[in-house]
file final.pdb (PDB, C-alpha atoms)
ATOM      1  CA  MET I  47     -74.098-265.968   3.859
ATOM      2  CA  PRO I  48     -75.930-264.331   6.755
ATOM      3  CA  ASN I  49     -79.297-265.627   7.937
ATOM      4  CA  THR I  50     -80.769-262.131   8.157
ATOM      5  CA  GLY I  51     -80.838-259.435   5.547
ATOM      6  CA  HIS I  52     -79.151-256.069   5.348
ATOM      7  CA  PHE I  53     -80.606-252.634   4.704
ATOM      8  CA  PHE I  54     -78.645-249.808   3.059
ATOM      9  CA  THR I  55     -80.012-246.405   2.030
ATOM     10  CA  PHE I  56     -78.786-243.734  -0.356
ATOM     11  CA  GLU I  57     -79.427-240.026   0.173
ATOM     12  CA  GLY I  58     -78.488-236.797  -1.533
ATOM     13  CA  PRO I  59     -79.659-234.128  -3.979
ATOM     14  CA  ASP I  60     -80.910-234.471  -7.529
ATOM     15  CA  LYS I  61     -78.442-235.954 -10.022
ATOM     16  CA  ALA I  62     -75.835-236.874  -7.417
ATOM     17  CA  GLY I  63     -75.292-240.352  -8.879
ATOM     18  CA  LYS I  64     -77.327-242.444  -6.452
ATOM     19  CA  SER I  65     -79.035-244.534  -9.125
ATOM     20  CA  THR I  66     -75.749-245.430 -10.798
ATOM     21  CA  GLN I  67     -74.172-246.556  -7.539
ATOM     22  CA  ILE I  68     -77.248-248.503  -6.427
ATOM     23  CA  ALA I  69     -77.189-250.412  -9.720
ATOM     24  CA  ARG I  70     -73.474-251.146  -9.350
ATOM     25  CA  LEU I  71     -73.825-252.301  -5.757
ATOM     26  CA  SER I  72     -76.818-254.462  -6.614
ATOM     27  CA  GLN I  73     -74.837-256.209  -9.329
ATOM     28  CA  ARG I  74     -71.847-256.753  -7.022
ATOM     29  CA  LEU I  75     -74.054-258.223  -4.290
ATOM     30  CA  GLN I  76     -75.866-260.501  -6.701
ATOM     31  CA  GLU I  77     -72.525-261.747  -7.999
ATOM     32  CA  ALA I  78     -71.672-262.575  -4.373
ATOM     33  CA  GLY I  79     -74.806-264.732  -4.178
ATOM     34  CA  TYR I  80     -77.302-262.448  -2.469
ATOM     35  CA  GLU I  81     -80.881-261.730  -3.432
ATOM     36  CA  VAL I  82     -81.198-257.956  -3.707
ATOM     37  CA  ILE I  83     -84.265-255.754  -3.581
ATOM     38  CA  VAL I  84     -83.860-252.267  -5.057
ATOM     39  CA  THR I  85     -86.555-249.781  -4.124
ATOM     40  CA  ARG I  86     -87.152-246.070  -3.700
ATOM     41  CA  GLU I  87     -88.972-243.466  -1.665
ATOM     42  CA  PRO I  88     -91.639-242.519  -2.211
ATOM     43  CA  GLY I  89     -92.578-245.642  -4.163
ATOM     44  CA  GLY I  90     -91.692-249.314  -4.174
ATOM     45  CA  THR I  91     -95.189-250.821  -3.988
ATOM     46  CA  GLU I  92     -98.308-250.199  -6.043
ATOM     47  CA  LEU I  93     -99.872-248.002  -3.375
ATOM     48  CA  CYS I  94     -96.607-246.183  -2.696
ATOM     49  CA  GLU I  95     -96.185-245.404  -6.388
ATOM     50  CA  ASP I  96     -99.666-243.878  -6.388
ATOM     51  CA  ILE I  97     -98.658-241.723  -3.419
ATOM     52  CA  ARG I  98     -95.495-240.751  -5.295
ATOM     53  CA  LYS I  99     -97.578-239.368  -8.148
ATOM     54  CA  LEU I 100     -99.604-237.309  -5.680
ATOM     55  CA  VAL I 101     -96.648-235.787  -3.879
ATOM     56  CA  MET I 102     -94.091-235.404  -6.683
ATOM     57  CA  ALA I 103     -96.066-234.151  -9.680
ATOM     58  CA  PRO I 104     -96.212-230.387 -10.303
ATOM     59  CA  ARG I 105     -99.729-229.119  -9.770
ATOM     60  CA  GLU I 106    -101.543-225.863  -9.222
ATOM     61  CA  ASP I 107    -102.971-227.145  -5.935
ATOM     62  CA  LYS I 108     -99.612-227.737  -4.276
ATOM     63  CA  PRO I 109     -99.590-229.778  -1.077
ATOM     64  CA  THR I 110     -98.850-227.811   2.064
ATOM     65  CA  PRO I 111     -95.659-228.751   3.935
ATOM     66  CA  GLU I 112     -97.802-230.631   6.466
ATOM     67  CA  THR I 113     -99.625-232.547   3.731
ATOM     68  CA  GLU I 114     -96.322-233.298   2.025
ATOM     69  CA  LEU I 115     -94.903-234.661   5.277
ATOM     70  CA  LEU I 116     -97.898-236.923   5.886
ATOM     71  CA  LEU I 117     -97.902-238.285   2.335
ATOM     72  CA  PHE I 118     -94.235-239.219   2.608
ATOM     73  CA  ALA I 119     -94.892-240.811   5.999
ATOM     74  CA  ALA I 120     -97.801-242.840   4.606
ATOM     75  CA  SER I 121     -95.662-244.119   1.748
ATOM     76  CA  ARG I 122     -92.828-244.977   4.124
ATOM     77  CA  ALA I 123     -95.056-246.912   6.500
ATOM     78  CA  GLN I 124     -96.458-248.950   3.604
ATOM     79  CA  LEU I 125     -93.019-249.601   2.112
ATOM     80  CA  VAL I 126     -91.563-250.733   5.432
ATOM     81  CA  ARG I 127     -94.415-253.131   6.269
ATOM     82  CA  LYS I 128     -95.067-254.496   2.807
ATOM     83  CA  LEU I 129     -91.615-254.701   1.259
ATOM     84  CA  ILE I 130     -88.604-253.915   3.422
ATOM     85  CA  VAL I 131     -89.356-255.914   6.579
ATOM     86  CA  PRO I 132     -90.498-259.057   4.701
ATOM     87  CA  ALA I 133     -87.401-258.910   2.491
ATOM     88  CA  LEU I 134     -85.057-258.574   5.467
ATOM     89  CA  GLU I 135     -86.783-261.444   7.254
ATOM     90  CA  GLN I 136     -86.094-263.582   4.178
ATOM     91  CA  GLY I 137     -82.392-262.736   4.313
ATOM     92  CA  LYS I 138     -82.419-260.403   1.325
ATOM     93  CA  ILE I 139     -80.462-257.179   0.970
ATOM     94  CA  VAL I 140     -82.524-254.021   0.483
ATOM     95  CA  LEU I 141     -81.108-250.949  -1.256
ATOM     96  CA  CYS I 142     -83.357-247.900  -0.997
ATOM     97  CA  ASP I 143     -83.013-244.665  -2.963
ATOM     98  CA  ARG I 144     -83.996-242.111  -0.274
ATOM     99  CA  PHE I 145     -85.521-242.917   3.085
ATOM    100  CA  ALA I 146     -86.298-241.204   6.398
ATOM    101  CA  ASP I 147     -83.298-238.845   6.285
ATOM    102  CA  SER I 148     -84.799-237.158   3.238
ATOM    103  CA  THR I 149     -87.785-236.130   5.325
ATOM    104  CA  VAL I 150     -85.482-234.543   7.894
ATOM    105  CA  ALA I 151     -83.681-232.597   5.150
ATOM    106  CA  TYR I 152     -86.575-231.691   2.865
ATOM    107  CA  GLN I 153     -89.594-231.292   5.132
ATOM    108  CA  GLY I 154     -87.575-230.368   8.220
ATOM    109  CA  GLU I 155     -84.670-228.136   7.243
ATOM    110  CA  ALA I 156     -86.051-226.870   3.920
ATOM    111  CA  ARG I 157     -89.790-226.651   4.672
ATOM    112  CA  GLY I 158     -89.289-225.636   8.292
ATOM    113  CA  LEU I 159     -91.516-228.239   9.945
ATOM    114  CA  PRO I 160     -90.785-229.089  13.606
ATOM    115  CA  VAL I 161     -88.095-231.701  14.073
ATOM    116  CA  GLU I 162     -90.084-233.218  16.955
ATOM    117  CA  THR I 163     -93.007-233.927  14.624
ATOM    118  CA  ILE I 164     -90.752-235.455  11.989
ATOM    119  CA  THR I 165     -88.955-237.600  14.568
ATOM    120  CA  PHE I 166     -92.282-238.858  15.930
ATOM    121  CA  LEU I 167     -93.582-239.758  12.467
ATOM    122  CA  ASN I 168     -90.350-241.450  11.447
ATOM    123  CA  ASP I 169     -90.305-243.487  14.651
ATOM    124  CA  PHE I 170     -93.957-244.428  14.149
ATOM    125  CA  CYS I 171     -93.423-245.479  10.526
ATOM    126  CA  LEU I 172     -90.098-247.275  10.960
ATOM    127  CA  GLN I 173     -90.432-248.950  14.367
ATOM    128  CA  ALA I 174     -87.168-250.927  14.504
ATOM    129  CA  CYS I 175     -86.519-250.907  10.752
ATOM    130  CA  ARG I 176     -83.416-248.754  10.444
ATOM    131  CA  PRO I 177     -80.692-248.842   7.790
ATOM    132  CA  GLU I 178     -77.337-250.241   8.835
ATOM    133  CA  LEU I 179     -75.543-247.772   6.598
ATOM    134  CA  THR I 180     -76.633-244.648   4.772
ATOM    135  CA  PHE I 181     -74.560-243.205   1.954
ATOM    136  CA  LEU I 182     -74.992-239.455   1.660
ATOM    137  CA  PHE I 183     -73.952-238.191  -1.759
ATOM    138  CA  ASP I 184     -72.860-234.633  -1.048
ATOM    139  CA  LEU I 185     -72.938-232.359  -4.060
ATOM    140  CA  PRO I 186     -72.588-228.559  -4.211
ATOM    141  CA  VAL I 187     -75.859-226.958  -5.218
ATOM    142  CA  GLU I 188     -74.346-225.329  -8.293
ATOM    143  CA  GLU I 189     -73.162-228.714  -9.574
ATOM    144  CA  SER I 190     -76.546-230.288  -8.865
ATOM    145  CA  LEU I 191     -78.236-227.518 -10.848
ATOM    146  CA  ARG I 192     -75.730-227.857 -13.690
ATOM    147  CA  ARG I 193     -76.399-231.575 -13.966
ATOM    148  CA  LEU I 194     -80.128-231.026 -13.740
ATOM    149  CA  ARG I 195     -80.036-228.443 -16.535
ATOM    150  CA  GLY I 196     -78.081-230.881 -18.662
ATOM    151  CA  MET I 197     -80.705-233.562 -18.155
ATOM    152  CA  THR I 198     -83.707-231.335 -18.834
ATOM    153  CA  THR I 199     -82.537-229.041 -21.639
ATOM    154  CA  GLY I 200     -85.493-228.580 -23.943
ATOM    155  CA  GLN I 201     -87.681-230.737 -21.723
ATOM    156  CA  GLY I 202     -89.976-230.199 -18.797
ATOM    157  CA  THR I 203     -89.831-232.119 -15.545
ATOM    158  CA  ASP I 204     -92.472-234.189 -13.823
ATOM    159  CA  ASP I 205     -90.733-233.818 -10.452
ATOM    160  CA  ARG I 206     -91.998-230.925  -8.324
ATOM    161  CA  PHE I 207     -88.846-230.938  -6.183
ATOM    162  CA  GLU I 208     -86.592-230.473  -9.213
ATOM    163  CA  GLN I 209     -88.315-227.124  -9.724
ATOM    164  CA  GLU I 210     -87.311-225.750  -6.322
ATOM    165  CA  ASP I 211     -84.958-222.777  -6.113
ATOM    166  CA  ARG I 212     -81.359-222.504  -4.941
ATOM    167  CA  GLN I 213     -82.303-221.445  -1.401
ATOM    168  CA  PHE I 214     -84.398-224.575  -0.962
ATOM    169  CA  ARG I 215     -81.589-226.758  -2.285
ATOM    170  CA  GLU I 216     -79.044-225.159   0.023
ATOM    171  CA  ALA I 217     -81.338-225.879   2.965
ATOM    172  CA  VAL I 218     -81.717-229.499   1.892
ATOM    173  CA  ARG I 219     -77.952-229.937   1.688
ATOM    174  CA  ARG I 220     -77.561-228.325   5.102
ATOM    175  CA  GLY I 221     -80.183-230.673   6.528
ATOM    176  CA  PHE I 222     -78.476-233.775   5.186
ATOM    177  CA  LEU I 223     -75.100-232.715   6.571
ATOM    178  CA  LYS I 224     -76.660-232.097   9.994
ATOM    179  CA  VAL I 225     -77.950-235.678   9.976
ATOM    180  CA  ALA I 226     -74.480-236.933   9.059
ATOM    181  CA  ARG I 227     -72.881-235.015  11.915
ATOM    182  CA  ARG I 228     -75.399-236.442  14.388
ATOM    183  CA  GLU I 229     -74.955-240.041  13.240
ATOM    184  CA  PRO I 230     -71.461-240.441  11.778
ATOM    185  CA  ASP I 231     -71.354-244.197  12.402
ATOM    186  CA  ARG I 232     -74.388-244.770  10.191
ATOM    187  CA  VAL I 233     -74.237-241.911   7.674
ATOM    188  CA  LYS I 234     -71.185-241.940   5.426
ATOM    189  CA  VAL I 235     -70.689-238.718   3.478
ATOM    190  CA  ILE I 236     -69.372-239.229  -0.050
ATOM    191  CA  ASP I 237     -68.036-236.501  -2.309
ATOM    192  CA  ALA I 238     -70.381-236.928  -5.285
ATOM    193  CA  THR I 239     -68.006-235.021  -7.576
ATOM    194  CA  LEU I 240     -65.517-237.918  -7.431
ATOM    195  CA  PRO I 241     -65.199-240.270 -10.415
ATOM    196  CA  VAL I 242     -67.822-243.013 -10.513
ATOM    197  CA  ASP I 243     -65.314-245.822  -9.898
ATOM    198  CA  GLU I 244     -63.918-244.063  -6.821
ATOM    199  CA  VAL I 245     -67.395-243.661  -5.351
ATOM    200  CA  THR I 246     -68.090-247.344  -5.959
ATOM    201  CA  ALA I 247     -64.858-248.317  -4.202
ATOM    202  CA  ILE I 248     -65.750-246.158  -1.185
ATOM    203  CA  ILE I 249     -69.185-247.753  -0.883
ATOM    204  CA  LEU I 250     -67.838-251.295  -1.155
ATOM    205  CA  GLY I 251     -65.176-250.496   1.421
ATOM    206  CA  GLU I 252     -67.667-249.073   3.921
ATOM    207  CA  ILE I 253     -69.986-252.057   3.560
ATOM    208  CA  SER I 254     -67.114-254.528   3.923
ATOM    209  CA  HIS I 255     -66.045-252.738   7.107
ATOM    210  CA  ALA I 256     -69.556-252.623   8.565
ATOM    211  CA  VAL I 257     -70.482-256.196   7.574
ATOM    212  CA  PRO I 258     -67.294-258.311   7.568
ATOM    213  CA  GLY I 259     -67.427-261.206   5.133
ATOM    214  CA  ILE I 260     -70.300-259.817   3.078
ATOM    215  CA  PHE I 261     -68.265-260.093  -0.128
TER     216      PHE I 261
END
call {"tool": "encode", "arguments": {"input": "final.pdb", "output": "C-alpha cells"}}
result
Amino acid sequence: MPNTGHFFTFEGPDKAGKSTQIARLSQRLQEAGYEVIVTREPGGTELCEDIRKLVMAPREDKPTPETELLLFAASRAQLVRKLIVPALEQGKIVLCDRFADSTVAYQGEARGLPVETITFLNDFCLQACRPELTFLFDLPVEESLRRLRGMTTGQGTDDRFEQEDRQFREAVRRGFLKVARREPDRVKVIDATLPVDEVTAIILGEISHAVPGIF
C-alpha cells in the first residue's frame, strides 16, 4: 500500500448518482485494505456543516452570489485544513462529494461571478491540496429534473439549489463541461445515464490507470 493518501472528487448535478458510486468505491477500497474518509462540500466537519445550513437552506433573506461564494470558500478552507490534509498525511484515501469545481460551475458559470475571483479563492483555500482524479457525472438537465421530481413528489426540499430553474441548471452543466475540457487528464466525464454497474466499472478502471497497483 502507498505511504501517502489519495484524493478523489465527484462532481455533477442533483441526482446524478454520485452518492451511490462513492459508497461503492469506498467499499471496494476498504476491501483492498485502505482506510477511507468519505466527506462532502459544503460540510464534513462540525463548523462546515453549520456553514452548509447557512448556504443551502431556503430562506427569504437569500445570500447574494458574493456571499454564497465566500461561504463555500470558508467551508472549503476549513475542510481542507481540518480533515482532508490530515487524512492524506496519514495515508488515507479521501472521497469528496463536490469540491472546488462546483464553485466554478455554480458561482462562476451560473451566478456570473468573475473567474479570476473564483480562481484566487480556490487557490487560497486549497494551496497544494488538489484531487488526483475528478469524476464528473454528466446528466442532461431534463433527466436531472425528472429524477429530482421523483425524489420530492409530495415533499418539500431543504436544498436551495434544488429549487433553481432550468436555465440555472443548464449553466451549471455548461460550467462543469468547460472545466473538463480544460483539464481532461484530471476530470473524467461519465455518462450518468449509464447503468450503475457500468459507471462503477468506469470509475475503477480510471483509478487503476491513474494509480497502478491501488487494487
call {"tool": "atom_distance", "arguments": {"input": "final.pdb", "atom1": "CA of Val84 (chain I)", "atom2": "CA of Lys64 (chain I)"}}
result
11.9 Å
call {"tool": "residues_around", "arguments": {"input": "final.pdb", "residues": "region 102-104 of chain I", "least_positions_apart": "2", "cutoff": "10 Å", "atoms": "all atoms listed in the file", "output": "MDAnalysis selection string"}}
result
chainID I and resid 88 97:100 106:109 114 203:209
call {"tool": "resolve_selection", "arguments": {"input": "final.pdb", "expression": "the PyMOL selection byres ((chain I and resi 130-133) around 9)", "output": "list of chain:residue names"}}
result
I:Gly51, I:Phe53, I:Val82, I:Ile83, I:Thr85, I:Leu125, I:Val126, I:Arg127, I:Lys128, I:Leu129, I:Leu134, I:Glu135, I:Gln136, I:Gly137, I:Lys138, I:Ile139, I:Val140, I:Cys175
call {"tool": "resolve_selection", "arguments": {"input": "final.pdb", "expression": "the PyMOL selection byres ((chain I and resi 57) around 6)", "output": "PDB file with C-alpha atoms, keeping the file's coordinate frame"}}
result
ATOM      1  CA  PHE I  56     -78.786-243.734  -0.356  1.00  0.00           C
ATOM      2  CA  GLY I  58     -78.488-236.797  -1.533  1.00  0.00           C
ATOM      3  CA  ARG I 144     -83.996-242.111  -0.274  1.00  0.00           C
ATOM      4  CA  LEU I 182     -74.992-239.455   1.660  1.00  0.00           C
TER       5      LEU I 182
END
call {"tool": "axis_aligned_box", "arguments": {"input": "final.pdb", "around": "region 207-222 of chain I", "padding_each_side": "3 Å", "output": "JSON"}}
result
{"center_x": -83.2, "center_y": -227.6, "center_z": -1.6, "size_x": 17.3, "size_y": 18.3, "size_z": 22.3}
call {"tool": "atom_distance", "arguments": {"input": "final.pdb", "atom1": "CA of Val161 (chain I)", "atom2": "CA of Glu95 (chain I)"}}
result
25.9 Å
call {"tool": "resolve_selection", "arguments": {"input": "final.pdb", "expression": "the PyMOL selection byres ((chain I and resi 146) around 10)", "output": "count of residues only"}}
result
22
call {"tool": "closest_residue", "arguments": {"input": "final.pdb", "among": "I:Glu112, I:Asp143, I:Glu162, I:Glu188", "to": "Ala69 (chain I)", "atoms": "all atoms listed in the file"}}
result
I:Asp143
call {"tool": "closest_residue", "arguments": {"input": "final.pdb", "among": "I:Phe183, I:Phe54, I:Tyr152, I:Phe166", "to": "Gly221 (chain I)", "atoms": "all atoms listed in the file"}}
result
I:Tyr152
call {"tool": "residues_around", "arguments": {"input": "final.pdb", "residues": "region 155-160 of chain I", "least_positions_apart": "5", "cutoff": "6 Å", "atoms": "only C-alpha atoms", "output": "list of chain:residue names"}}
result
I:Phe214, I:Ala217, I:Val218, I:Gly221
call {"tool": "closest_residue", "arguments": {"input": "final.pdb", "among": "I:Ser121, I:Gln213, I:Gln67, I:Ser254", "to": "Phe181 (chain I)", "atoms": "all atoms listed in the file"}}
result
I:Gln67
call {"tool": "decode", "arguments": {"input": "final.pdb", "residues": "region 137-180 of chain I", "atoms": "N, CA and C atoms", "output": "compact mmCIF listing (two decimals), in the first residue's frame"}}
result
# COMPACT_ATOMS: atom_id res chain seq x y z
N GLY I 137 -2.01 8.69 5.10
CA GLY I 137 -2.10 7.63 4.11
C GLY I 137 -3.50 7.16 3.79
N LYS I 138 -4.50 7.91 4.19
CA LYS I 138 -5.88 7.52 3.93
C LYS I 138 -6.31 7.98 2.54
N ILE I 139 -7.42 7.43 2.08
CA ILE I 139 -8.00 7.84 0.81
C ILE I 139 -9.24 8.68 1.10
N VAL I 140 -9.31 9.85 0.50
CA VAL I 140 -10.42 10.77 0.72
C VAL I 140 -11.29 10.82 -0.53
N LEU I 141 -12.59 10.59 -0.34
CA LEU I 141 -13.58 10.70 -1.40
C LEU I 141 -14.49 11.85 -1.03
N CYS I 142 -14.58 12.86 -1.89
CA CYS I 142 -15.35 14.06 -1.56
C CYS I 142 -16.46 14.29 -2.58
N ASP I 143 -17.68 14.39 -2.08
CA ASP I 143 -18.85 14.70 -2.90
C ASP I 143 -18.92 16.21 -3.09
N ARG I 144 -18.47 16.67 -4.24
CA ARG I 144 -18.33 18.08 -4.63
C ARG I 144 -17.06 18.68 -4.01
N PHE I 145 -16.46 19.58 -4.79
CA PHE I 145 -15.26 20.27 -4.31
C PHE I 145 -15.15 21.57 -5.10
N ALA I 146 -13.93 22.01 -5.38
CA ALA I 146 -13.72 23.34 -5.95
C ALA I 146 -14.35 23.52 -7.33
N ASP I 147 -14.46 22.46 -8.11
CA ASP I 147 -15.06 22.59 -9.45
C ASP I 147 -16.52 23.02 -9.38
N SER I 148 -17.20 22.65 -8.30
CA SER I 148 -18.59 23.08 -8.15
C SER I 148 -18.69 24.60 -8.06
N THR I 149 -17.72 25.22 -7.41
CA THR I 149 -17.74 26.68 -7.32
C THR I 149 -17.57 27.31 -8.69
N VAL I 150 -16.71 26.73 -9.51
CA VAL I 150 -16.52 27.24 -10.87
C VAL I 150 -17.83 27.16 -11.65
N ALA I 151 -18.54 26.02 -11.51
CA ALA I 151 -19.77 25.80 -12.26
C ALA I 151 -20.94 26.60 -11.70
N TYR I 152 -21.12 26.55 -10.39
CA TYR I 152 -22.30 27.17 -9.79
C TYR I 152 -22.14 28.68 -9.61
N GLN I 153 -21.08 29.08 -8.91
CA GLN I 153 -20.93 30.52 -8.65
C GLN I 153 -20.30 31.26 -9.83
N GLY I 154 -19.53 30.53 -10.64
CA GLY I 154 -18.92 31.15 -11.81
C GLY I 154 -19.85 31.18 -13.00
N GLU I 155 -20.07 30.04 -13.62
CA GLU I 155 -20.87 29.98 -14.84
C GLU I 155 -22.33 30.34 -14.59
N ALA I 156 -22.92 29.82 -13.51
CA ALA I 156 -24.36 30.03 -13.29
C ALA I 156 -24.68 31.36 -12.61
N ARG I 157 -23.86 31.76 -11.64
CA ARG I 157 -24.12 33.03 -10.95
C ARG I 157 -23.44 34.22 -11.63
N GLY I 158 -22.46 33.93 -12.48
CA GLY I 158 -21.83 35.00 -13.25
C GLY I 158 -20.74 35.76 -12.52
N LEU I 159 -20.17 35.17 -11.47
CA LEU I 159 -19.08 35.84 -10.76
C LEU I 159 -17.77 35.69 -11.54
N PRO I 160 -16.85 36.63 -11.39
CA PRO I 160 -15.61 36.62 -12.19
C PRO I 160 -14.76 35.38 -11.93
N VAL I 161 -14.31 34.76 -13.00
CA VAL I 161 -13.50 33.56 -12.87
C VAL I 161 -12.19 33.86 -12.14
N GLU I 162 -11.67 35.08 -12.31
CA GLU I 162 -10.41 35.44 -11.64
C GLU I 162 -10.59 35.43 -10.12
N THR I 163 -11.74 35.90 -9.65
CA THR I 163 -12.01 35.90 -8.21
C THR I 163 -12.14 34.48 -7.69
N ILE I 164 -12.85 33.64 -8.43
CA ILE I 164 -13.04 32.25 -8.02
C ILE I 164 -11.71 31.51 -8.01
N THR I 165 -10.89 31.72 -9.03
CA THR I 165 -9.58 31.07 -9.10
C THR I 165 -8.71 31.48 -7.91
N PHE I 166 -8.72 32.78 -7.60
CA PHE I 166 -7.94 33.27 -6.45
C PHE I 166 -8.40 32.60 -5.15
N LEU I 167 -9.70 32.57 -4.93
CA LEU I 167 -10.22 31.98 -3.69
C LEU I 167 -9.94 30.48 -3.62
N ASN I 168 -10.11 29.79 -4.73
CA ASN I 168 -9.81 28.36 -4.73
C ASN I 168 -8.34 28.11 -4.44
N ASP I 169 -7.47 28.88 -5.07
CA ASP I 169 -6.03 28.72 -4.81
C ASP I 169 -5.71 29.01 -3.35
N PHE I 170 -6.32 30.05 -2.80
CA PHE I 170 -6.08 30.42 -1.41
C PHE I 170 -6.55 29.32 -0.45
N CYS I 171 -7.72 28.75 -0.74
CA CYS I 171 -8.28 27.73 0.15
C CYS I 171 -7.58 26.38 0.02
N LEU I 172 -7.18 26.03 -1.18
CA LEU I 172 -6.65 24.69 -1.44
C LEU I 172 -5.16 24.58 -1.24
N GLN I 173 -4.41 25.67 -1.51
CA GLN I 173 -2.95 25.61 -1.53
C GLN I 173 -2.57 24.47 -2.48
N ALA I 174 -1.89 23.45 -1.99
CA ALA I 174 -1.45 22.36 -2.87
C ALA I 174 -2.37 21.15 -2.80
N CYS I 175 -3.50 21.27 -2.13
CA CYS I 175 -4.40 20.14 -1.95
C CYS I 175 -5.36 20.04 -3.13
N ARG I 176 -4.97 19.25 -4.11
CA ARG I 176 -5.76 19.10 -5.33
C ARG I 176 -6.11 17.63 -5.54
N PRO I 177 -7.30 17.35 -6.02
CA PRO I 177 -7.65 15.94 -6.29
C PRO I 177 -6.82 15.36 -7.42
N GLU I 178 -6.48 14.09 -7.28
CA GLU I 178 -5.78 13.39 -8.36
C GLU I 178 -6.71 13.12 -9.53
N LEU I 179 -7.93 12.76 -9.22
CA LEU I 179 -8.94 12.49 -10.23
C LEU I 179 -10.26 13.10 -9.78
N THR I 180 -11.00 13.61 -10.75
CA THR I 180 -12.35 14.11 -10.51
C THR I 180 -13.28 13.42 -11.48
